[in-house]
Amino acid sequence: MNQFQYTRVTTPKAAVSALSQENGTYFLAGGTNLIDLIKREVVVPERLVDINKLPLATIEKTSTGLRIGAMAKNSAVADHDLAKKHAPLLSMALNAGASAQLRNMATVGGNMMQRTRCPYFYDPSMPCNKRSPVQAGPDKGQPNGPSGCGAIGGINRMHAIFGTSNKCIAVHPSDMCIALVALDATVNVSGPKGDRKIPFGDFHRLPGDAPQKDNTLLPGELIMSVDIPTNKFADNSHYLKVRDRASYAFALISVGVAVDMKRDTIQDIRLAMGGVAHKPWRLTEAEHFLRGKPATEANFKQAATIAMNGAKGYGENDFKLTLAPNSLIDALKTATKTA
Amino acid sequence: MAEYEHLEDEFGNADSSRRNFLKQSSALAALALTPVAASAAIDNGLDEKMAAAFEQMPLQVDINGTMRKLSIEPRVTLLDLLREQLHLTGTKKGCDHGQCGACTVHVDGQRVNACLTLAMTTEGCKVTTIEGLGTLDQMHPMQEAFIKHDGFQCGYCTPGQIMSAVACIREGHANNPDEVREYMSGNICRCGAYANIVDAIMDVKQGGVRV
């Protein structure tokens with residue numbers, strides 16, 4: 001690791017102030033991704049601002065749903081009675097991610113901020129527009145290496161099939177975020193210009209011409225908490241993760257399903273997919289199709305066809321064009337108990 | 001040579017680049033360096049270790065029941081602190097990237113990967129390593145079970161496996177073999193002793209002894 005300055009803060013205000021002061025400064029939460037990136041010199045920080053002592057780890061019931069502090073550990077959220085009761089999809093998704101050790105370290109805010117695991121991004125000798133944008137700013141913390149996208153026409157088995165650009169086809173690696181986008185969560189952030197709320201679906205972004213930007217946070221903003229609105233999905237939720245080994249691997253495809261069932265009919269539904277896009281991929285058109293319809297395999301198949309509109313393979317990941325709809329149908333059957 | 005040895009005592013490990021640096025500048029001038037100036041010295045290709053001496057920060061952490069007052073570089077991981085500075089070499093460095101679990105230790109009772117934990121973040125915490133779990137004379141029940149069930153071959157992953165296994169039971173995630181396999185997936189064993197490791201954990205769990 002390169003040498004860097006280290007500052008420990010105990011209040012959100014001090015954290016925001018510390019981050020705004022100089023370029024090349026990063027918040028350090030659980031560190032499970034950031035320390036790894038620093039070791040590989042993908043991130044070369046000037047200063048780390050340690051936010052682990054911030055009092056932001058509370059998980060509580062509010063009048064409108066659940067509020068989860070940004071510094072709550074992934075394991076603490078997954079095993080929390082409130083999450084298991086009111087947002088079982090979130091518990092399932094969290095427990096499908098990483099290992100028990102990493103979940104003990106990783107925070108909710110850090111999970112949202114994790115970078116792609118695209119091998120080209122992770123290797124500074126390889127071309128990558130996300131790591132080394134063409135229009136690199138004066139930011140001294142800007143990592144090095146050639147620009148371009150090695151994954152297009154290269155090794156892209158793990159890569160995106162939705163929302164890609166000619167600059168980047170990386171995927172967001174989080175499981176937790178699939179559940180949060182499905183559950184219509186809201187992100188509460190605090191920054192130099194005050195507090196604001198970001199709908200979870202608007203937090204992450206598609207690569208477009210600026211794949212270096214994973215999300216819509218403004219400079220100096222700190223994630224404070226995530227709100228999950230009250231819902232009727234607790235009895236019919238399922239997170240399906242398809243991967244190369246049974247545990248401790250990133251998703252090839254993952255599907256989050258949350259259904260409000262009235263007898264055999266789908267009253268309301270939320271669908272999201274992981275391992276397919278630069279952001280947690282919500283399937284709103286398939287949701288719209290299924291709303292009010294009986295939970296049958298025929299309807300699930302049609303919803304899957306709708307969900308796959310616009311999907312595009314890049315060679316090695318062509319199998320996802322089949323695996324994704326099949327996984328969606330499978331997860332729908334499990335969630336609606338019609339398997 | 002004698003004067004270099006004297007300086008080695010004062011500044012820690014010496015190497016040829018530091019000696020070159022010392023040849024170029026007096027020790028007195030070096031002592032006047034601020035951290036920023038020390039960083040600049042690195043940028044200028046001067047001695048990194050000399051600069052590092054000025055980048056130390058204080059850290060107080062309880063390691064296996066003993067409060068340690070330390071002085072470390074902020075970039076030092078808990079794993080490197082344990083092994084290189086405190087010589088607690090029971091905790092192993094496998095991948096150094098959070099993928100193998102060989103470095104598993106407990107921080108405030110929670111199992112974590114020491115390789116991805118900056119030591120500075122453990123200020124005021126209680127760290128337990130394999131050395132703090134049991135002794136040769138009085139082994140921890142999980143250590144005894146690993147021997148009884150032959151839960152290892154080369155043994156390199158074993159300290160991490162045992163620290164993880166103890167936490168797995170304490171967390172309440174060892175109710176059946178399937179659950180143990182899922183919650184032990186962060187500890188890789190290249191020898192493939194998995195079946196015996198699961199047996200050892202289930203044995204301790206079913207034996208009902210407090211771990």
# chains A, B, ... in the order shown; residues from 1 in each chain; ligands from 1

call {"tool": "closest_atom_pairs", "arguments": {"of": "range 97-157 of chain B", "to": "range 180-195 of chain B", "cutoff": "6 Å", "atoms": "only C-alpha atoms", "output": "Markdown table"}}
result
| residue | atom | partner | partner_atom | distance |
| --- | --- | --- | --- | --- |
| B:Cys100 | CA | B:Ile188 | CA | 5.0 |
| B:Gly101 | CA | B:Asn187 | CA | 4.4 |
| B:Gly151 | CA | B:Ala193 | CA | 5.7 |
| B:Phe152 | CA | B:Ala193 | CA | 5.4 |

call {"tool": "write_last_selection", "arguments": {"atoms": "N, CA and C atoms", "output": "CSV table (one decimal), in the first residue's frame"}}
result
chain,number,residue,atom,x,y,z
B,100,CYS,N,-9.5,-15.9,1.5
B,100,CYS,CA,-9.2,-17.3,1.9
B,100,CYS,C,-9.5,-17.5,3.4
B,101,GLY,N,-9.5,-16.5,4.3
B,101,GLY,CA,-9.9,-16.7,5.7
B,101,GLY,C,-8.8,-17.1,6.6
B,151,GLY,N,-8.9,-32.5,11.4
B,151,GLY,CA,-9.5,-31.4,10.6
B,151,GLY,C,-8.5,-30.6,9.8
B,152,PHE,N,-7.4,-31.2,9.5
B,152,PHE,CA,-6.4,-30.4,8.7
B,152,PHE,C,-5.4,-31.4,8.1

call {"tool": "residues_around", "arguments": {"residues": "Val209 in chain B", "least_positions_apart": "6", "cutoff": "10 Å", "atoms": "only C-alpha atoms", "output": "list in words"}}
result
Pro141, Met142 and Asp203 of chain B

call {"tool": "residues_around", "arguments": {"residues": "Leu183 in chain A", "least_positions_apart": "3", "cutoff": "9 Å", "atoms": "only C-alpha atoms", "output": "list in words"}}
result
Ala87, Leu89, Leu90, Ile178, Ala179, Leu180, Phe200, Ile228, Pro229, Asn231, Phe233, Ala258, Arg270 and Leu271 of chain A

call {"tool": "write_last_selection", "arguments": {"atoms": "N, CA and C atoms", "output": "mmCIF file, in the first residue's frame"}}
result
data_model
loop_
_atom_site.group_PDB
_atom_site.id
_atom_site.type_symbol
_atom_site.label_atom_id
_atom_site.label_comp_id
_atom_site.auth_asym_id
_atom_site.auth_seq_id
_atom_site.Cartn_x
_atom_site.Cartn_y
_atom_site.Cartn_z
ATOM 1 N N ALA A 87 -38.400 -7.087 6.312
ATOM 2 C CA ALA A 87 -37.708 -7.050 5.020
ATOM 3 C C ALA A 87 -36.883 -8.327 4.840
ATOM 4 N N LEU A 89 -36.424 -10.139 2.392
ATOM 5 C CA LEU A 89 -35.633 -10.143 1.154
ATOM 6 C C LEU A 89 -34.248 -9.553 1.402
ATOM 7 N N LEU A 90 -34.188 -8.522 2.239
ATOM 8 C CA LEU A 90 -32.904 -7.892 2.561
ATOM 9 C C LEU A 90 -32.013 -8.856 3.345
ATOM 10 N N ILE A 178 -29.652 -5.192 -4.486
ATOM 11 C CA ILE A 178 -30.758 -5.748 -5.280
ATOM 12 C C ILE A 178 -32.025 -5.738 -4.431
ATOM 13 N N ALA A 179 -31.881 -6.141 -3.161
ATOM 14 C CA ALA A 179 -33.033 -6.126 -2.261
ATOM 15 C C ALA A 179 -33.502 -4.697 -2.013
ATOM 16 N N LEU A 180 -32.564 -3.780 -1.804
ATOM 17 C CA LEU A 180 -32.944 -2.402 -1.463
ATOM 18 C C LEU A 180 -33.631 -1.688 -2.636
ATOM 19 N N PHE A 200 -33.500 4.912 -3.954
ATOM 20 C CA PHE A 200 -32.433 3.940 -4.165
ATOM 21 C C PHE A 200 -32.156 3.683 -5.651
ATOM 22 N N ILE A 228 -36.482 1.851 4.522
ATOM 23 C CA ILE A 228 -37.271 0.880 3.750
ATOM 24 C C ILE A 228 -38.735 1.066 4.142
ATOM 25 N N PRO A 229 -39.584 1.446 3.168
ATOM 26 C CA PRO A 229 -40.979 1.695 3.523
ATOM 27 C C PRO A 229 -41.713 0.415 3.943
ATOM 28 N N ASN A 231 -44.185 -2.544 4.016
ATOM 29 C CA ASN A 231 -44.648 -3.290 2.842
ATOM 30 C C ASN A 231 -45.390 -4.546 3.266
ATOM 31 N N PHE A 233 -44.776 -7.583 1.798
ATOM 32 C CA PHE A 233 -44.058 -8.609 1.045
ATOM 33 C C PHE A 233 -43.446 -9.708 1.918
ATOM 34 N N ALA A 258 -40.272 -9.885 -4.413
ATOM 35 C CA ALA A 258 -41.101 -9.603 -3.237
ATOM 36 C C ALA A 258 -42.542 -9.447 -3.729
ATOM 37 N N ARG A 270 -42.466 -6.686 -6.577
ATOM 38 C CA ARG A 270 -41.214 -5.974 -6.863
ATOM 39 C C ARG A 270 -40.213 -6.995 -7.395
ATOM 40 N N LEU A 271 -39.539 -6.624 -8.468
ATOM 41 C CA LEU A 271 -38.558 -7.513 -9.091
ATOM 42 C C LEU A 271 -37.272 -6.754 -9.375
#

call {"tool": "atom_distance", "arguments": {"atom1": "CA of Met57 in chain B", "atom2": "CA of Leu81 in chain B"}}
result
13.0 Å

call {"tool": "interface_residues", "arguments": {"of": "chain A", "to": "chain B", "cutoff": "9 Å", "atoms": "only C-alpha atoms", "output": "PyMOL selection string"}}
result
chain A and resi 1-6+8+30-36+39+50+52-53+98-105+246-248

call {"tool": "residues_around", "arguments": {"residues": "Ala234 in chain A", "least_positions_apart": "4", "cutoff": "10 Å", "atoms": "only C-alpha atoms", "output": "number ranges by chain"}}
result
A: 83-89, 238, 258-260

call {"tool": "select_by_dssp", "arguments": {"residues": "range 8-242 of chain A", "states": "strand (DSSP E)", "output": "PyMOL selection string"}}
result
chain A and resi 8+25-28+47-50+59-62+65-69+186-191+194-199+222-229+237-242

call {"tool": "atom_distance", "arguments": {"atom1": "CA of Ile223 in chain A", "atom2": "CA of Gln21 in chain A"}}
result
17.7 Å

call {"tool": "atom_distance", "arguments": {"atom1": "CA of Met67 in chain B", "atom2": "CA of Leu79 in chain B"}}
result
17.2 Å

call {"tool": "select_by_dssp", "arguments": {"residues": "range 58-287 of chain A", "states": "alpha helix (DSSP H)", "output": "ChimeraX atom specification"}}
result
/A:74-78,81-86,88-96,100-105,108-113,176-182,200-203,284-287

call {"tool": "residues_around", "arguments": {"residues": "Asp318 in chain A", "least_positions_apart": "5", "cutoff": "10 Å", "atoms": "only C-alpha atoms", "output": "list in words"}}
result
Asn156, Arg157, His159, Ala160, Ile161, Ala311, Lys312, Gly313 and Leu323 of chain A

call {"tool": "write_last_selection", "arguments": {"atoms": "N, CA and C atoms", "output": "short mmCIF file (atom, residue, chain, number, x, y, z; two decimals), in the first residue's frame"}}
result
data_model
loop_
_atom_site.label_atom_id
_atom_site.label_comp_id
_atom_site.auth_asym_id
_atom_site.auth_seq_id
_atom_site.Cartn_x
_atom_site.Cartn_y
_atom_site.Cartn_z
N ASN A 156 -15.31 -11.50 -20.50
CA ASN A 156 -16.50 -10.80 -20.01
C ASN A 156 -17.61 -11.73 -19.55
N ARG A 157 -17.21 -12.87 -19.03
CA ARG A 157 -18.20 -13.86 -18.58
C ARG A 157 -19.10 -13.31 -17.47
N HIS A 159 -19.96 -10.17 -17.02
CA HIS A 159 -20.35 -8.78 -17.29
C HIS A 159 -21.82 -8.56 -17.63
N ALA A 160 -22.11 -7.28 -17.88
CA ALA A 160 -23.49 -6.81 -17.97
C ALA A 160 -24.16 -7.18 -19.29
N ILE A 161 -25.50 -7.30 -19.22
CA ILE A 161 -26.31 -7.50 -20.43
C ILE A 161 -27.34 -6.39 -20.59
N ALA A 311 -31.91 -6.80 -23.69
CA ALA A 311 -30.70 -7.45 -23.19
C ALA A 311 -29.73 -7.73 -24.35
N LYS A 312 -28.45 -7.65 -24.05
CA LYS A 312 -27.44 -7.83 -25.11
C LYS A 312 -26.23 -8.56 -24.53
N GLY A 313 -25.81 -9.63 -25.19
CA GLY A 313 -24.63 -10.38 -24.75
C GLY A 313 -23.36 -9.84 -25.39
N LEU A 323 -29.85 -17.71 -18.84
CA LEU A 323 -29.84 -17.93 -17.38
C LEU A 323 -30.71 -16.90 -16.65
#

call {"tool": "residues_around", "arguments": {"residues": "Phe162 in chain A", "least_positions_apart": "5", "cutoff": "10 Å", "atoms": "only C-alpha atoms", "output": "NGL selection string"}}
result
:A and (169 or 171 or 206 or 275-279 or 281 or 308-313)

call {"tool": "write_last_selection", "arguments": {"atoms": "N, CA and C atoms", "output": "PDB file, in the first residue's frame"}}
result
ATOM      1  N   ILE A 169     -18.852  -2.168 -19.576  1.00  0.00           N
ATOM      2  CA  ILE A 169     -19.889  -3.195 -19.451  1.00  0.00           C
ATOM      3  C   ILE A 169     -19.782  -3.899 -18.091  1.00  0.00           C
ATOM      4  N   VAL A 171     -20.483  -4.772 -14.049  1.00  0.00           N
ATOM      5  CA  VAL A 171     -21.693  -4.894 -13.233  1.00  0.00           C
ATOM      6  C   VAL A 171     -21.417  -4.404 -11.815  1.00  0.00           C
ATOM      7  N   LEU A 206     -25.990   4.286 -14.623  1.00  0.00           N
ATOM      8  CA  LEU A 206     -25.466   3.505 -15.744  1.00  0.00           C
ATOM      9  C   LEU A 206     -24.169   4.143 -16.229  1.00  0.00           C
ATOM     10  N   GLY A 275     -26.060  -8.828 -11.159  1.00  0.00           N
ATOM     11  CA  GLY A 275     -25.113  -9.485 -12.072  1.00  0.00           C
ATOM     12  C   GLY A 275     -25.399  -9.181 -13.530  1.00  0.00           C
ATOM     13  N   VAL A 276     -26.275  -8.194 -13.775  1.00  0.00           N
ATOM     14  CA  VAL A 276     -26.671  -7.927 -15.153  1.00  0.00           C
ATOM     15  C   VAL A 276     -26.410  -6.493 -15.616  1.00  0.00           C
ATOM     16  N   ALA A 277     -26.127  -5.579 -14.675  1.00  0.00           N
ATOM     17  CA  ALA A 277     -26.005  -4.175 -15.080  1.00  0.00           C
ATOM     18  C   ALA A 277     -25.061  -3.411 -14.156  1.00  0.00           C
ATOM     19  N   HIS A 278     -24.744  -2.203 -14.562  1.00  0.00           N
ATOM     20  CA  HIS A 278     -23.866  -1.293 -13.836  1.00  0.00           C
ATOM     21  C   HIS A 278     -24.527  -0.789 -12.558  1.00  0.00           C
ATOM     22  N   LYS A 279     -25.848  -1.028 -12.457  1.00  0.00           N
ATOM     23  CA  LYS A 279     -26.593  -0.656 -11.256  1.00  0.00           C
ATOM     24  C   LYS A 279     -27.560  -1.785 -10.926  1.00  0.00           C
ATOM     25  N   TRP A 281     -30.655  -3.728 -11.030  1.00  0.00           N
ATOM     26  CA  TRP A 281     -31.537  -3.607 -12.187  1.00  0.00           C
ATOM     27  C   TRP A 281     -32.971  -3.938 -11.817  1.00  0.00           C
ATOM     28  N   MET A 308     -36.533  -9.345 -20.312  1.00  0.00           N
ATOM     29  CA  MET A 308     -35.293  -9.466 -21.099  1.00  0.00           C
ATOM     30  C   MET A 308     -35.245  -8.516 -22.289  1.00  0.00           C
ATOM     31  N   ASN A 309     -36.265  -7.689 -22.452  1.00  0.00           N
ATOM     32  CA  ASN A 309     -36.253  -6.688 -23.532  1.00  0.00           C
ATOM     33  C   ASN A 309     -34.986  -5.846 -23.478  1.00  0.00           C
ATOM     34  N   GLY A 310     -34.298  -5.760 -24.588  1.00  0.00           N
ATOM     35  CA  GLY A 310     -33.116  -4.896 -24.642  1.00  0.00           C
ATOM     36  C   GLY A 310     -31.842  -5.529 -24.132  1.00  0.00           C
ATOM     37  N   ALA A 311     -31.910  -6.800 -23.692  1.00  0.00           N
ATOM     38  CA  ALA A 311     -30.696  -7.451 -23.195  1.00  0.00           C
ATOM     39  C   ALA A 311     -29.730  -7.730 -24.351  1.00  0.00           C
ATOM     40  N   LYS A 312     -28.448  -7.648 -24.052  1.00  0.00           N
ATOM     41  CA  LYS A 312     -27.444  -7.827 -25.108  1.00  0.00           C
ATOM     42  C   LYS A 312     -26.228  -8.556 -24.532  1.00  0.00           C
ATOM     43  N   GLY A 313     -25.811  -9.625 -25.186  1.00  0.00           N
ATOM     44  CA  GLY A 313     -24.634 -10.375 -24.748  1.00  0.00           C
ATOM     45  C   GLY A 313     -23.364  -9.838 -25.386  1.00  0.00           C
TER      46      GLY A 313
END

call {"tool": "residues_around", "arguments": {"residues": "Leu217 in chain A", "least_positions_apart": "2", "cutoff": "9 Å", "atoms": "only C-alpha atoms", "output": "ChimeraX atom specification"}}
result
/A:189,198,203-204,214-215,219-223

call {"tool": "closest_residue", "arguments": {"among": "A:Leu82, A:Ala14, A:Leu332, A:Met176", "to": "Lys61 in chain A", "atoms": "only C-alpha atoms"}}
result
A:Leu82
